[in-house]
$ cat upload-v2.pdb   # PDB, C-alpha atoms and all ligand atoms
ATOM      1  CA  MET E   1      97.830  86.213  78.832  1.00  0.00           C
ATOM      2  CA  SER E   2      97.872  87.307  75.230  1.00  0.00           C
ATOM      3  CA  LEU E   3      99.483  90.515  74.082  1.00  0.00           C
ATOM      4  CA  CYS E   4      96.083  92.076  73.685  1.00  0.00           C
ATOM      5  CA  GLY E   5      94.752  92.966  77.078  1.00  0.00           C
ATOM      6  CA  PRO E   6      91.251  92.708  78.397  1.00  0.00           C
ATOM      7  CA  GLY E   7      90.050  95.938  76.852  1.00  0.00           C
ATOM      8  CA  GLY E   8      87.147  97.623  78.482  1.00  0.00           C
ATOM      9  CA  GLN E   9      87.220  95.892  81.833  1.00  0.00           C
ATOM     10  CA  SER E  10      88.787  98.648  83.856  1.00  0.00           C
ATOM     11  CA  ASN E  11      88.157 101.916  82.151  1.00  0.00           C
ATOM     12  CA  GLY E  12      85.316 101.422  79.747  1.00  0.00           C
ATOM     13  CA  ALA E  13      87.497 101.902  76.685  1.00  0.00           C
ATOM     14  CA  ALA E  14      89.267  99.255  74.695  1.00  0.00           C
ATOM     15  CA  TYR E  15      93.013  99.492  74.729  1.00  0.00           C
ATOM     16  CA  GLU E  16      95.811  97.193  73.781  1.00  0.00           C
ATOM     17  CA  LEU E  17      98.757  96.123  75.813  1.00  0.00           C
ATOM     18  CA  HIS E  18     101.579  95.845  73.365  1.00  0.00           C
ATOM     19  CA  LEU E  19     104.664  95.193  75.426  1.00  0.00           C
ATOM     20  CA  ALA E  20     107.759  93.665  73.878  1.00  0.00           C
ATOM     21  CA  PRO E  21     111.453  93.161  74.657  1.00  0.00           C
ATOM     22  CA  ARG E  22     113.272  96.488  75.218  1.00  0.00           C
ATOM     23  CA  ASP E  23     110.165  98.014  76.742  1.00  0.00           C
ATOM     24  CA  ALA E  24     109.812  99.207  80.322  1.00  0.00           C
ATOM     25  CA  LEU E  25     106.789 100.030  82.417  1.00  0.00           C
ATOM     26  CA  ILE E  26     107.184 103.130  84.560  1.00  0.00           C
ATOM     27  CA  LEU E  27     104.699 103.705  87.359  1.00  0.00           C
ATOM     28  CA  VAL E  28     104.935 107.228  88.718  1.00  0.00           C
ATOM     29  CA  ASP E  29     104.070 107.885  92.378  1.00  0.00           C
ATOM     30  CA  VAL E  30     101.141 105.502  92.820  1.00  0.00           C
ATOM     31  CA  GLN E  31     101.135 106.283  96.531  1.00  0.00           C
ATOM     32  CA  GLN E  32      98.453 106.414  99.206  1.00  0.00           C
ATOM     33  CA  ASP E  33      98.788 110.159  99.789  1.00  0.00           C
ATOM     34  CA  PHE E  34      97.858 110.858  96.153  1.00  0.00           C
ATOM     35  CA  CYS E  35      94.687 108.780  96.386  1.00  0.00           C
ATOM     36  CA  PRO E  36      91.339 109.598  98.006  1.00  0.00           C
ATOM     37  CA  GLY E  37      91.815 109.671 101.783  1.00  0.00           C
ATOM     38  CA  GLY E  38      95.462 110.710 101.433  1.00  0.00           C
ATOM     39  CA  ALA E  39      97.177 113.997 102.242  1.00  0.00           C
ATOM     40  CA  LEU E  40      97.200 115.299  98.656  1.00  0.00           C
ATOM     41  CA  PRO E  41      94.324 113.364  97.113  1.00  0.00           C
ATOM     42  CA  ILE E  42      93.854 113.327  93.364  1.00  0.00           C
ATOM     43  CA  ASP E  43      90.304 112.911  92.155  1.00  0.00           C
ATOM     44  CA  GLY E  44      89.969 109.263  91.128  1.00  0.00           C
ATOM     45  CA  GLY E  45      93.647 108.648  91.899  1.00  0.00           C
ATOM     46  CA  ASP E  46      92.968 105.087  93.004  1.00  0.00           C
ATOM     47  CA  ALA E  47      91.188 104.374  89.703  1.00  0.00           C
ATOM     48  CA  VAL E  48      94.608 104.081  88.060  1.00  0.00           C
ATOM     49  CA  VAL E  49      95.446 101.024  90.163  1.00  0.00           C
ATOM     50  CA  PRO E  50      93.405  98.330  88.359  1.00  0.00           C
ATOM     51  CA  VAL E  51      94.453  99.740  84.977  1.00  0.00           C
ATOM     52  CA  LEU E  52      98.124  99.687  85.926  1.00  0.00           C
ATOM     53  CA  ASN E  53      97.797  96.240  87.495  1.00  0.00           C
ATOM     54  CA  THR E  54      96.744  94.954  84.082  1.00  0.00           C
ATOM     55  CA  TRP E  55      99.892  96.492  82.604  1.00  0.00           C
ATOM     56  CA  ILE E  56     102.015  95.037  85.404  1.00  0.00           C
ATOM     57  CA  ALA E  57     100.620  91.569  84.685  1.00  0.00           C
ATOM     58  CA  ALA E  58     101.478  91.987  81.009  1.00  0.00           C
ATOM     59  CA  ALA E  59     104.967  93.230  81.900  1.00  0.00           C
ATOM     60  CA  VAL E  60     105.615  90.229  84.142  1.00  0.00           C
ATOM     61  CA  GLU E  61     104.339  87.920  81.400  1.00  0.00           C
ATOM     62  CA  GLN E  62     106.627  89.518  78.826  1.00  0.00           C
ATOM     63  CA  ASN E  63     109.633  89.815  81.160  1.00  0.00           C
ATOM     64  CA  VAL E  64     109.493  93.589  80.803  1.00  0.00           C
ATOM     65  CA  PRO E  65     111.063  95.528  83.701  1.00  0.00           C
ATOM     66  CA  VAL E  66     108.833  97.547  86.005  1.00  0.00           C
ATOM     67  CA  PHE E  67     110.079 100.760  87.594  1.00  0.00           C
ATOM     68  CA  ALA E  68     108.042 102.417  90.345  1.00  0.00           C
ATOM     69  CA  SER E  69     108.895 105.940  91.423  1.00  0.00           C
ATOM     70  CA  ARG E  70     107.904 107.350  94.773  1.00  0.00           C
ATOM     71  CA  ASP E  71     107.816 110.806  96.276  1.00  0.00           C
ATOM     72  CA  TRP E  72     109.805 110.386  99.491  1.00  0.00           C
ATOM     73  CA  HIS E  73     110.023 113.660 101.350  1.00  0.00           C
ATOM     74  CA  PRO E  74     111.739 114.683 104.564  1.00  0.00           C
ATOM     75  CA  ILE E  75     109.390 116.435 106.979  1.00  0.00           C
ATOM     76  CA  ASP E  76     110.929 119.851 106.216  1.00  0.00           C
ATOM     77  CA  HIS E  77     110.728 119.506 102.431  1.00  0.00           C
ATOM     78  CA  LEU E  78     110.705 122.783 100.499  1.00  0.00           C
ATOM     79  CA  SER E  79     107.585 121.832  98.494  1.00  0.00           C
ATOM     80  CA  PHE E  80     105.380 121.940 101.603  1.00  0.00           C
ATOM     81  CA  THR E  81     103.262 125.037 102.167  1.00  0.00           C
ATOM     82  CA  ARG E  82     104.743 125.522 105.629  1.00  0.00           C
ATOM     83  CA  SER E  83     108.149 125.831 103.947  1.00  0.00           C
ATOM     84  CA  GLY E  84     106.715 128.254 101.376  1.00  0.00           C
ATOM     85  CA  GLY E  85     106.025 125.638  98.714  1.00  0.00           C
ATOM     86  CA  PRO E  86     102.865 124.830  96.725  1.00  0.00           C
ATOM     87  CA  TRP E  87     101.758 121.532  98.337  1.00  0.00           C
ATOM     88  CA  PRO E  88     100.401 120.316 101.671  1.00  0.00           C
ATOM     89  CA  VAL E  89     102.610 117.926 103.618  1.00  0.00           C
ATOM     90  CA  HIS E  90     102.598 114.632 101.690  1.00  0.00           C
ATOM     91  CA  CYS E  91     104.577 111.442 101.166  1.00  0.00           C
ATOM     92  CA  VAL E  92     106.745 111.899 104.231  1.00  0.00           C
ATOM     93  CA  GLN E  93     109.413 109.212 104.370  1.00  0.00           C
ATOM     94  CA  GLY E  94     108.307 106.070 106.195  1.00  0.00           C
ATOM     95  CA  THR E  95     104.705 107.160 106.762  1.00  0.00           C
ATOM     96  CA  PRO E  96     101.698 105.126 105.537  1.00  0.00           C
ATOM     97  CA  GLY E  97     100.866 107.937 103.107  1.00  0.00           C
ATOM     98  CA  ALA E  98     104.185 107.464 101.348  1.00  0.00           C
ATOM     99  CA  ALA E  99     103.561 103.755 100.763  1.00  0.00           C
ATOM    100  CA  PHE E 100     102.615 102.490  97.336  1.00  0.00           C
ATOM    101  CA  HIS E 101      98.863 101.976  96.991  1.00  0.00           C
ATOM    102  CA  HIS E 102      97.989  98.808  98.872  1.00  0.00           C
ATOM    103  CA  ARG E 103      96.288  97.275  95.837  1.00  0.00           C
ATOM    104  CA  LEU E 104      99.129  97.968  93.407  1.00  0.00           C
ATOM    105  CA  ASP E 105     100.531  94.562  92.413  1.00  0.00           C
ATOM    106  CA  LEU E 106     104.180  95.507  92.257  1.00  0.00           C
ATOM    107  CA  PRO E 107     106.338  92.542  91.299  1.00  0.00           C
ATOM    108  CA  ASP E 108     109.110  91.611  93.750  1.00  0.00           C
ATOM    109  CA  ASP E 109     111.759  92.667  91.263  1.00  0.00           C
ATOM    110  CA  ALA E 110     110.241  96.084  90.540  1.00  0.00           C
ATOM    111  CA  VAL E 111     112.889  98.803  90.708  1.00  0.00           C
ATOM    112  CA  VAL E 112     111.911 101.507  93.188  1.00  0.00           C
ATOM    113  CA  VAL E 113     113.014 105.000  92.148  1.00  0.00           C
ATOM    114  CA  THR E 114     113.090 107.416  95.079  1.00  0.00           C
ATOM    115  CA  LYS E 115     112.790 111.143  94.464  1.00  0.00           C
ATOM    116  CA  GLY E 116     112.189 114.299  96.454  1.00  0.00           C
ATOM    117  CA  ASP E 117     114.217 112.930  99.348  1.00  0.00           C
ATOM    118  CA  ARG E 118     116.381 115.995  99.808  1.00  0.00           C
ATOM    119  CA  PRO E 119     114.892 118.881 101.808  1.00  0.00           C
ATOM    120  CA  ASP E 120     116.116 121.576  99.448  1.00  0.00           C
ATOM    121  CA  ARG E 121     115.035 120.160  96.118  1.00  0.00           C
ATOM    122  CA  ASP E 122     111.857 118.886  94.465  1.00  0.00           C
ATOM    123  CA  GLN E 123     112.004 116.316  91.694  1.00  0.00           C
ATOM    124  CA  TYR E 124     108.827 116.024  89.636  1.00  0.00           C
ATOM    125  CA  SER E 125     110.416 113.865  86.959  1.00  0.00           C
ATOM    126  CA  ALA E 126     111.365 110.325  87.933  1.00  0.00           C
ATOM    127  CA  PHE E 127     114.502 110.922  85.820  1.00  0.00           C
ATOM    128  CA  ASP E 128     115.583 114.023  87.744  1.00  0.00           C
ATOM    129  CA  GLY E 129     118.680 113.186  89.764  1.00  0.00           C
ATOM    130  CA  THR E 130     117.809 109.477  90.011  1.00  0.00           C
ATOM    131  CA  ARG E 131     119.262 106.311  88.560  1.00  0.00           C
ATOM    132  CA  LEU E 132     116.218 105.673  86.388  1.00  0.00           C
ATOM    133  CA  GLU E 133     117.940 106.447  83.088  1.00  0.00           C
ATOM    134  CA  ALA E 134     120.941 104.293  84.006  1.00  0.00           C
ATOM    135  CA  GLY E 135     118.611 101.452  85.012  1.00  0.00           C
ATOM    136  CA  LEU E 136     116.849 101.659  81.660  1.00  0.00           C
ATOM    137  CA  ARG E 137     120.102 101.833  79.678  1.00  0.00           C
ATOM    138  CA  ASP E 138     121.485  98.849  81.620  1.00  0.00           C
ATOM    139  CA  ARG E 139     118.486  96.856  80.422  1.00  0.00           C
ATOM    140  CA  GLN E 140     118.755  98.195  76.842  1.00  0.00           C
ATOM    141  CA  VAL E 141     115.288  99.671  77.090  1.00  0.00           C
ATOM    142  CA  GLN E 142     114.118 101.695  74.084  1.00  0.00           C
ATOM    143  CA  ARG E 143     110.423 102.184  74.698  1.00  0.00           C
ATOM    144  CA  LEU E 144     108.651 103.455  77.801  1.00  0.00           C
ATOM    145  CA  PHE E 145     105.052 103.056  78.923  1.00  0.00           C
ATOM    146  CA  ILE E 146     104.275 105.543  81.666  1.00  0.00           C
ATOM    147  CA  GLY E 147     101.283 105.833  83.988  1.00  0.00           C
ATOM    148  CA  GLY E 148     100.559 106.986  87.511  1.00  0.00           C
ATOM    149  CA  LEU E 149     100.054 110.219  89.422  1.00  0.00           C
ATOM    150  CA  ALA E 150      99.653 113.006  88.835  1.00  0.00           C
ATOM    151  CA  GLN E 151      99.120 113.227  85.097  1.00  0.00           C
ATOM    152  CA  ASP E 152      99.786 116.985  84.922  1.00  0.00           C
ATOM    153  CA  VAL E 153     102.736 117.078  87.333  1.00  0.00           C
ATOM    154  CA  CYS E 154     105.122 114.157  87.848  1.00  0.00           C
ATOM    155  CA  VAL E 155     103.828 111.928  85.036  1.00  0.00           C
ATOM    156  CA  ARG E 156     104.055 114.853  82.629  1.00  0.00           C
ATOM    157  CA  ALA E 157     107.596 115.740  83.732  1.00  0.00           C
ATOM    158  CA  THR E 158     108.705 112.103  83.492  1.00  0.00           C
ATOM    159  CA  ALA E 159     107.201 111.617  80.016  1.00  0.00           C
ATOM    160  CA  LEU E 160     108.748 114.849  78.707  1.00  0.00           C
ATOM    161  CA  ASP E 161     112.150 113.756  80.025  1.00  0.00           C
ATOM    162  CA  GLY E 162     111.671 110.326  78.452  1.00  0.00           C
ATOM    163  CA  VAL E 163     111.316 111.956  75.036  1.00  0.00           C
ATOM    164  CA  LYS E 164     114.267 114.293  75.664  1.00  0.00           C
ATOM    165  CA  LEU E 165     116.433 111.300  76.541  1.00  0.00           C
ATOM    166  CA  GLY E 166     115.554 109.610  73.258  1.00  0.00           C
ATOM    167  CA  PHE E 167     113.160 106.919  74.427  1.00  0.00           C
ATOM    168  CA  GLU E 168     110.005 106.176  72.469  1.00  0.00           C
ATOM    169  CA  THR E 169     107.631 107.320  75.165  1.00  0.00           C
ATOM    170  CA  HIS E 170     104.015 106.265  75.582  1.00  0.00           C
ATOM    171  CA  LEU E 171     101.524 107.653  78.067  1.00  0.00           C
ATOM    172  CA  ILE E 172      99.032 105.136  79.448  1.00  0.00           C
ATOM    173  CA  GLU E 173      96.290 107.738  79.499  1.00  0.00           C
ATOM    174  CA  ALA E 174      93.726 105.539  81.248  1.00  0.00           C
ATOM    175  CA  GLY E 175      96.315 104.878  83.954  1.00  0.00           C
ATOM    176  CA  THR E 176      96.751 108.521  84.959  1.00  0.00           C
ATOM    177  CA  ARG E 177      94.720 111.235  86.686  1.00  0.00           C
ATOM    178  CA  PRO E 178      95.553 114.945  86.974  1.00  0.00           C
ATOM    179  CA  VAL E 179      95.721 116.853  90.241  1.00  0.00           C
ATOM    180  CA  SER E 180      94.117 119.822  88.420  1.00  0.00           C
ATOM    181  CA  SER E 181      91.321 118.542  86.216  1.00  0.00           C
ATOM    182  CA  ASP E 182      91.407 121.704  84.096  1.00  0.00           C
ATOM    183  CA  GLN E 183      95.023 120.879  83.186  1.00  0.00           C
ATOM    184  CA  ARG E 184      94.273 117.416  81.887  1.00  0.00           C
ATOM    185  CA  TRP E 185      93.913 118.174  78.185  1.00  0.00           C
ATOM    186  CA  ARG E 186      96.441 120.969  78.162  1.00  0.00           C
ATOM    187  CA  SER E 187      98.970 118.592  79.663  1.00  0.00           C
ATOM    188  CA  ILE E 188      98.072 115.870  77.137  1.00  0.00           C
ATOM    189  CA  ALA E 189      98.449 118.371  74.297  1.00  0.00           C
ATOM    190  CA  GLU E 190     101.839 119.481  75.591  1.00  0.00           C
ATOM    191  CA  MET E 191     103.064 115.898  75.876  1.00  0.00           C
ATOM    192  CA  ARG E 192     101.795 115.015  72.421  1.00  0.00           C
ATOM    193  CA  GLU E 193     103.425 118.109  70.979  1.00  0.00           C
ATOM    194  CA  ALA E 194     106.728 117.062  72.558  1.00  0.00           C
ATOM    195  CA  GLY E 195     106.511 113.631  70.942  1.00  0.00           C
ATOM    196  CA  VAL E 196     104.871 111.517  73.627  1.00  0.00           C
ATOM    197  CA  ILE E 197     102.542 108.899  72.142  1.00  0.00           C
ATOM    198  CA  ILE E 198      99.200 108.965  73.918  1.00  0.00           C
ATOM    199  CA  ASP E 199      97.833 105.442  74.312  1.00  0.00           C
TER
HETATM  200 ZN    ZN K   1     105.982 115.758  96.474  1.00  0.00          ZN
END
$ encode --input "upload-v2.pdb" --output "structure tokens" --more "lines below"
Ligand SMILES: [Zn+2]
Amino acid sequence: MSLCGPGGQSNGAAYELHLAPRDALILVDVQQDFCPGGALPIDGGDAVVPVLNTWIAAAVEQNVPVFASRDWHPIDHLSFTRSGGPWPVHCVQGTPGAAFHHRLDLPDDAVVVTKGDRPDRDQYSAFDGTRLEAGLRDRQVQRLFIGGLAQDVCVRATALDGVKLGFETHLIEAGTRPVSSDQRWRSIAEMREAGVIID
């Protein structure tokens, strides 16, 4: 594969895959429950999968590390409505809904980043209380490419933290979908304002 990806095949818009050494690909919560048919379905959530698979293929080709975060909640998690939180029960540890999307081509050496696994704490950002930053520093990563679900919640929080931590942070816009469609552009504007590069 060349560095320039097959623009237009997945999302109708040309885009370039420009991965290089010291980059990392971060896939946020591409899980069954966030896709149509799941417990907390995001409109078009599964449409991110072919886009991100193209990025994964480029990452494997370029020997760029792939990190995949997952929401991994205990059954009594505080974010669930029955515990007084904002969300329906979703991504319960070990359930099919918590699995990565079955068509996501995660490489065998992808680093899984688990979050939201304590009952008393939610973690929207894949950096929050995880070893993601350490994993990136260990690999001397300087530049992040982030996609996944949901654009306006966990992807947003992860991208904002990426900038705060000093990484050059890119959003793979075609590889995200928001849980609230009316938040899509507001969230993009906020990320751009913070220094995230919107690809
Ligand atoms: Zn959650």
$ closest_residue --input "upload-v2.pdb" --among "E:Gly166, E:Gly147, E:Pro107, E:Pro41" --to "ligand ZN 1 (chain K)" --atoms "all atoms listed in the file"
E:Pro41
$ residues_near_ligand --input "upload-v2.pdb" --ligand "ligand ZN 1 (chain K)" --cutoff "12 Å" --atoms "all atoms listed in the file" --output "ChimeraX atom specification"
/E:28-31,33-34,39-41,69-81,85-93,97-98,114-119,121-126,149-150,153-154
$ write_last_selection --input "upload-v2.pdb" --atoms "C-alpha atoms" --output "CSV table (one decimal), in the coordinates of the input"
chain,number,residue,atom,x,y,z
E,28,VAL,CA,104.9,107.2,88.7
E,29,ASP,CA,104.1,107.9,92.4
E,30,VAL,CA,101.1,105.5,92.8
E,31,GLN,CA,101.1,106.3,96.5
E,33,ASP,CA,98.8,110.2,99.8
E,34,PHE,CA,97.9,110.9,96.2
E,39,ALA,CA,97.2,114.0,102.2
E,40,LEU,CA,97.2,115.3,98.7
E,41,PRO,CA,94.3,113.4,97.1
E,69,SER,CA,108.9,105.9,91.4
E,70,ARG,CA,107.9,107.4,94.8
E,71,ASP,CA,107.8,110.8,96.3
E,72,TRP,CA,109.8,110.4,99.5
E,73,HIS,CA,110.0,113.7,101.4
E,74,PRO,CA,111.7,114.7,104.6
E,75,ILE,CA,109.4,116.4,107.0
E,76,ASP,CA,110.9,119.9,106.2
E,77,HIS,CA,110.7,119.5,102.4
E,78,LEU,CA,110.7,122.8,100.5
E,79,SER,CA,107.6,121.8,98.5
E,80,PHE,CA,105.4,121.9,101.6
E,81,THR,CA,103.3,125.0,102.2
E,85,GLY,CA,106.0,125.6,98.7
E,86,PRO,CA,102.9,124.8,96.7
E,87,TRP,CA,101.8,121.5,98.3
E,88,PRO,CA,100.4,120.3,101.7
E,89,VAL,CA,102.6,117.9,103.6
E,90,HIS,CA,102.6,114.6,101.7
E,91,CYS,CA,104.6,111.4,101.2
E,92,VAL,CA,106.7,111.9,104.2
E,93,GLN,CA,109.4,109.2,104.4
E,97,GLY,CA,100.9,107.9,103.1
E,98,ALA,CA,104.2,107.5,101.3
E,114,THR,CA,113.1,107.4,95.1
E,115,LYS,CA,112.8,111.1,94.5
E,116,GLY,CA,112.2,114.3,96.5
E,117,ASP,CA,114.2,112.9,99.3
E,118,ARG,CA,116.4,116.0,99.8
E,119,PRO,CA,114.9,118.9,101.8
E,121,ARG,CA,115.0,120.2,96.1
E,122,ASP,CA,111.9,118.9,94.5
E,123,GLN,CA,112.0,116.3,91.7
E,124,TYR,CA,108.8,116.0,89.6
E,125,SER,CA,110.4,113.9,87.0
E,126,ALA,CA,111.4,110.3,87.9
E,149,LEU,CA,100.1,110.2,89.4
E,150,ALA,CA,99.7,113.0,88.8
E,153,VAL,CA,102.7,117.1,87.3
E,154,CYS,CA,105.1,114.2,87.8
$ atom_distance --input "upload-v2.pdb" --atom1 "atom CA of Pro65 of chain E" --atom2 "atom CA of Asp23 of chain E"
7.4 Å
$ resolve_selection --input "upload-v2.pdb" --expression "the PyMOL selection byres (((chain E and resi 46) around 8) and not hetatm)" --output "list in words"
Cys35, Pro36, Gly44, Gly45, Ala47, Val48, Val49 and His101 of chain E
$ atom_distance --input "upload-v2.pdb" --atom1 "atom CA of Asp161 of chain E" --atom2 "atom CA of Glu133 of chain E"
9.8 Å
$ resolve_selection --input "upload-v2.pdb" --expression "the PyMOL selection byres (((chain E and resi 152) around 10) and not hetatm)" --output "PDB file with C-alpha atoms, keeping the file's coordinate frame"
ATOM      1  CA  LEU E 149     100.054 110.219  89.422  1.00  0.00           C
ATOM      2  CA  ALA E 150      99.653 113.006  88.835  1.00  0.00           C
ATOM      3  CA  GLN E 151      99.120 113.227  85.097  1.00  0.00           C
ATOM      4  CA  VAL E 153     102.736 117.078  87.333  1.00  0.00           C
ATOM      5  CA  CYS E 154     105.122 114.157  87.848  1.00  0.00           C
ATOM      6  CA  VAL E 155     103.828 111.928  85.036  1.00  0.00           C
ATOM      7  CA  ARG E 156     104.055 114.853  82.629  1.00  0.00           C
ATOM      8  CA  ALA E 157     107.596 115.740  83.732  1.00  0.00           C
ATOM      9  CA  THR E 176      96.751 108.521  84.959  1.00  0.00           C
ATOM     10  CA  ARG E 177      94.720 111.235  86.686  1.00  0.00           C
ATOM     11  CA  PRO E 178      95.553 114.945  86.974  1.00  0.00           C
ATOM     12  CA  VAL E 179      95.721 116.853  90.241  1.00  0.00           C
ATOM     13  CA  SER E 180      94.117 119.822  88.420  1.00  0.00           C
ATOM     14  CA  SER E 181      91.321 118.542  86.216  1.00  0.00           C
ATOM     15  CA  ASP E 182      91.407 121.704  84.096  1.00  0.00           C
ATOM     16  CA  GLN E 183      95.023 120.879  83.186  1.00  0.00           C
ATOM     17  CA  ARG E 184      94.273 117.416  81.887  1.00  0.00           C
ATOM     18  CA  TRP E 185      93.913 118.174  78.185  1.00  0.00           C
ATOM     19  CA  ARG E 186      96.441 120.969  78.162  1.00  0.00           C
ATOM     20  CA  SER E 187      98.970 118.592  79.663  1.00  0.00           C
ATOM     21  CA  ILE E 188      98.072 115.870  77.137  1.00  0.00           C
ATOM     22  CA  GLU E 190     101.839 119.481  75.591  1.00  0.00           C
ATOM     23  CA  MET E 191     103.064 115.898  75.876  1.00  0.00           C
TER      24      MET E 191
END
$ atom_distance --input "upload-v2.pdb" --atom1 "atom CA of Arg143 of chain E" --atom2 "atom CA of Thr169 of chain E"
5.9 Å
$ resolve_selection --input "upload-v2.pdb" --expression "the PyMOL selection byres (((chain E and resi 52-59) around 8) and not hetatm)" --output "list in words"
Met1, Leu3, Gly5, Leu17, Leu19, Ala24, Leu25, Leu27, Val48, Val49, Pro50, Val51, Val60, Glu61, Gln62, Asn63, Val64, Pro65, Val66, Leu104, Asp105, Leu106, Pro107, Gly147, Gly148 and Gly175 of chain E
$ write_last_selection --input "upload-v2.pdb" --atoms "C-alpha atoms" --output "PDB file, keeping the file's coordinate frame"
ATOM      1  CA  MET E   1      97.830  86.213  78.832  1.00  0.00           C
ATOM      2  CA  LEU E   3      99.483  90.515  74.082  1.00  0.00           C
ATOM      3  CA  GLY E   5      94.752  92.966  77.078  1.00  0.00           C
ATOM      4  CA  LEU E  17      98.757  96.123  75.813  1.00  0.00           C
ATOM      5  CA  LEU E  19     104.664  95.193  75.426  1.00  0.00           C
ATOM      6  CA  ALA E  24     109.812  99.207  80.322  1.00  0.00           C
ATOM      7  CA  LEU E  25     106.789 100.030  82.417  1.00  0.00           C
ATOM      8  CA  LEU E  27     104.699 103.705  87.359  1.00  0.00           C
ATOM      9  CA  VAL E  48      94.608 104.081  88.060  1.00  0.00           C
ATOM     10  CA  VAL E  49      95.446 101.024  90.163  1.00  0.00           C
ATOM     11  CA  PRO E  50      93.405  98.330  88.359  1.00  0.00           C
ATOM     12  CA  VAL E  51      94.453  99.740  84.977  1.00  0.00           C
ATOM     13  CA  VAL E  60     105.615  90.229  84.142  1.00  0.00           C
ATOM     14  CA  GLU E  61     104.339  87.920  81.400  1.00  0.00           C
ATOM     15  CA  GLN E  62     106.627  89.518  78.826  1.00  0.00           C
ATOM     16  CA  ASN E  63     109.633  89.815  81.160  1.00  0.00           C
ATOM     17  CA  VAL E  64     109.493  93.589  80.803  1.00  0.00           C
ATOM     18  CA  PRO E  65     111.063  95.528  83.701  1.00  0.00           C
ATOM     19  CA  VAL E  66     108.833  97.547  86.005  1.00  0.00           C
ATOM     20  CA  LEU E 104      99.129  97.968  93.407  1.00  0.00           C
ATOM     21  CA  ASP E 105     100.531  94.562  92.413  1.00  0.00           C
ATOM     22  CA  LEU E 106     104.180  95.507  92.257  1.00  0.00           C
ATOM     23  CA  PRO E 107     106.338  92.542  91.299  1.00  0.00           C
ATOM     24  CA  GLY E 147     101.283 105.833  83.988  1.00  0.00           C
ATOM     25  CA  GLY E 148     100.559 106.986  87.511  1.00  0.00           C
ATOM     26  CA  GLY E 175      96.315 104.878  83.954  1.00  0.00           C
TER      27      GLY E 175
END
$ closest_residue --input "upload-v2.pdb" --among "E:Ser83, E:Phe67, E:Asp43, E:Ala189" --to "Arg131 of chain E" --atoms "only C-alpha atoms"
E:Phe67
$ closest_residue --input "upload-v2.pdb" --among "E:Arg22, E:His102, E:Arg82, E:Lys164" --to "Val141 of chain E" --atoms "all atoms listed in the file"
E:Arg22
$ axis_aligned_box --input "upload-v2.pdb" --around "segment 169-184 of chain E" --padding-each-side "4 Å" --output "JSON"
{"center_x": 99.5, "center_y": 113.3, "center_z": 82.7, "size_x": 24.3, "size_y": 24.8, "size_z": 23.1}
$ closest_residue --input "upload-v2.pdb" --among "E:Val113, E:Leu144, E:Leu136, E:Ala159" --to "His18 of chain E" --atoms "only C-alpha atoms"
E:Leu144
$ closest_residue --input "upload-v2.pdb" --among "E:Ala110, E:Leu171, E:Ala194, E:Ala68" --to "Phe145 of chain E" --atoms "all atoms listed in the file"
E:Leu171
